[in-house]
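First comes the structure, then the notes that go with it.
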Amino acid sequence: MILPEACVANILSFTTPADTFSSAAVSSVFRVAGDSDFVWEKFLPPDYSLLISRSTDHHHRTFSSKKELYQCLCESILIDHGRKIFKIEKLSGKISYVLSARELSITWSEQRHYWFWSRRSDSRFPEGTELIMTDWLEINGKIKTGALSPNTNYGAYLIMKVTPRAYGLDLVPAEASIKVGNGEKIIKSTYLSCLDNKKRRMKRLFYGQRMAMTAKEEAVGAHRREPELRDDGWMEIELGEFETGRGREEDDDKEVTMSLTEVKGYQLKGGIAIDGIQVRPKIPKIRD
């Protein structure tokens, strides 16, 4: 007995995009039902029409199906005059954003002797910024939880690069933080660049006693947090993580403030390029 196509489509609409993609191999009925607008409408964000109208690239484009629209959003689109990137995770349907450097609040970013704005060939955004020199580094971004997928654990990441002219980035740790609504501000210590082997030897030479203390801290489990390489060639610093609510109540739409600051050491520093802050679902850790 073969289920009617409409019945199969209704069943698939209660699954996930990953299940729907894989179900096409089951039979022709599942393949046809899995291509229906009824199914993919359920996987699209409720405000997908508004998102397309805000798109820099696709606001005049027409889509032959809701599945084609979904796949377009999986590739990511520029929105809000090129100041943000919106994306859907293909297999889960979860929403992610990248806020451009222009969408962030960066202290003294309009002072040309501190920051330099320019078009970058390695970024999708119209422009990015590079730190020339400062002893007061403060970068803040904000997003509403209501713009994200409900019941999801998110991470926030500062997208950056260390330039060949960089200096003063690995001497004093910065503070990465997340604050959701009126909740507690969660702060973590992080460095702005990776410490290579040569610099490690120099620090041991000049800061012997302090490095001995650091070695002792590492022995009991302390960890130096540093930028990590991304697939797109940029580096990222995790600012923190947070949970979104159920998304059905007004109280669930809270403002998330994501920050990176280094203002305590009065250490002159320069040579980091800022692309933006990415907010994306965290991949669950697999337990042994």
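Ordered as shown in the structure tokens, chains take letters A, B, and onward, while each chain numbers its residues from 1 and ligands are numbered from 1 in the order shown.
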Subject >> DSSP-assigned helix (DSSP H, G or I) members of region 13-145 of chain A, reported as a ChimeraX atom specification >> reply: /A:17-23,28-33,37-43,48-53,66-74,101-103,145
**OP:** Skip Asp19 (chain A) itself and residues of its chain fewer than 6 positions away, then list as a VMD selection string all residues within 12 Å of it, counting only C-alpha atoms.
**Re:** chain A and resid 11 to 13 25 to 26 30 to 31 34 39 43 90 to 93
Original post:
By how many Å are CA of Ser177 (chain A) and CA of Thr257 (chain A) apart?
Top reply: 8.1 Å
**OP:** Based on DSSP run over this structure's backbone, return all residues of region 3-246 of chain A in strand (DSSP E or B), as a ChimeraX atom specification.
**Re:** /A:55,77-79,84-88,95-100,105-106,115-118,128-131,134,137-144,153-167,174-180,186-190,228-229,235-243
**OP:** Might you pull out every residue within 12 Å of Asp232 (chain A), with only C-alpha atoms counted and same-chain residues fewer than 6 positions away left off, and present them as a list in words?
**Re:**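 Here the qualifying residues turn out to be Asp122, Ser123, Arg124, Ile159, Met160, Lys161 and Asp275 of chain A.
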Original post:
Got a sec: who's within 7 Å of Gly82 (chain A), counting only C-alpha atoms, leaving out chain neighbours fewer than 4 positions off, as an MDAnalysis selection string?
Top reply: chainID A and resid 56 78 125:126
Residue subset to file, keeping C-alpha atoms, as a PDB file, in the first residue's frame:
```
ATOM      1  CA  THR A  56      21.060  43.221  -1.587  1.00  0.00           C
ATOM      2  CA  LEU A  78      23.487  39.973   2.049  1.00  0.00           C
ATOM      3  CA  PHE A 125      30.844  43.030   2.921  1.00  0.00           C
ATOM      4  CA  PRO A 126      31.301  46.375   1.147  1.00  0.00           C
TER       5      PRO A 126
END
```
Subject >> Between CA of Met258 (chain A) and CA of Gly155 (chain A) - distance in Å to one decimal >> reply: 10.0 Å
All residues 8 Å or closer to Gly146 (chain A), only C-alpha atoms, same chain fewer than 5 positions away omitted, as a PDB file with all heavy atoms, in the first residue's frame:
```pdb
ATOM      1  N   THR A 244      18.409  30.556  23.121  1.00  0.00           N
ATOM      2  CA  THR A 244      17.205  31.305  22.755  1.00  0.00           C
ATOM      3  C   THR A 244      15.996  30.656  23.430  1.00  0.00           C
ATOM      4  O   THR A 244      16.016  29.472  23.763  1.00  0.00           O
ATOM      5  CB  THR A 244      16.993  31.317  21.239  1.00  0.00           C
ATOM      6  OG1 THR A 244      16.984  29.965  20.743  1.00  0.00           O
ATOM      7  CG2 THR A 244      18.110  32.092  20.555  1.00  0.00           C
ATOM      8  N   GLY A 247      10.329  31.448  21.755  1.00  0.00           N
ATOM      9  CA  GLY A 247       9.992  32.309  20.638  1.00  0.00           C
ATOM     10  C   GLY A 247       8.522  32.615  20.484  1.00  0.00           C
ATOM     11  O   GLY A 247       8.113  33.231  19.506  1.00  0.00           O
ATOM     12  N   ASP A 252      10.515  36.381  25.371  1.00  0.00           N
ATOM     13  CA  ASP A 252      11.573  35.580  24.777  1.00  0.00           C
ATOM     14  C   ASP A 252      12.450  36.378  23.809  1.00  0.00           C
ATOM     15  O   ASP A 252      13.527  35.928  23.436  1.00  0.00           O
ATOM     16  CB  ASP A 252      10.975  34.375  24.039  1.00  0.00           C
ATOM     17  CG  ASP A 252      10.459  33.312  24.997  1.00  0.00           C
ATOM     18  OD1 ASP A 252      10.987  33.242  26.123  1.00  0.00           O
ATOM     19  OD2 ASP A 252       9.524  32.588  24.632  1.00  0.00           O
ATOM     20  N   ASP A 253      11.987  37.544  23.370  1.00  0.00           N
ATOM     21  CA  ASP A 253      12.747  38.360  22.434  1.00  0.00           C
ATOM     22  C   ASP A 253      13.645  39.309  23.226  1.00  0.00           C
ATOM     23  O   ASP A 253      13.267  40.441  23.526  1.00  0.00           O
ATOM     24  CB  ASP A 253      11.802  39.136  21.519  1.00  0.00           C
ATOM     25  CG  ASP A 253      12.552  39.802  20.363  1.00  0.00           C
ATOM     26  OD1 ASP A 253      13.721  39.451  20.139  1.00  0.00           O
ATOM     27  OD2 ASP A 253      11.956  40.670  19.701  1.00  0.00           O
ATOM     28  N   LYS A 254      14.851  38.828  23.540  1.00  0.00           N
ATOM     29  CA  LYS A 254      15.771  39.593  24.367  1.00  0.00           C
ATOM     30  C   LYS A 254      16.965  40.067  23.548  1.00  0.00           C
ATOM     31  O   LYS A 254      17.339  39.448  22.555  1.00  0.00           O
ATOM     32  CB  LYS A 254      16.258  38.743  25.539  1.00  0.00           C
ATOM     33  CG  LYS A 254      15.139  38.300  26.476  1.00  0.00           C
ATOM     34  CD  LYS A 254      15.668  37.406  27.579  1.00  0.00           C
ATOM     35  CE  LYS A 254      14.542  36.956  28.511  1.00  0.00           C
ATOM     36  NZ  LYS A 254      15.037  36.048  29.566  1.00  0.00           N
TER      37      LYS A 254
END
```
Original post:
Could you pull the residues within 10 Å of Ile52 (chain A), counting only C-alpha atoms, minus those fewer than 3 positions along the same chain, as a list in words?
Top reply: Asp47, Tyr48, Ser49, Ser55, Thr56, Asp57, His58, His59, His60, Arg61, Thr62, Leu69, Leu73, Ile77, Leu78 and Ile79 of chain A
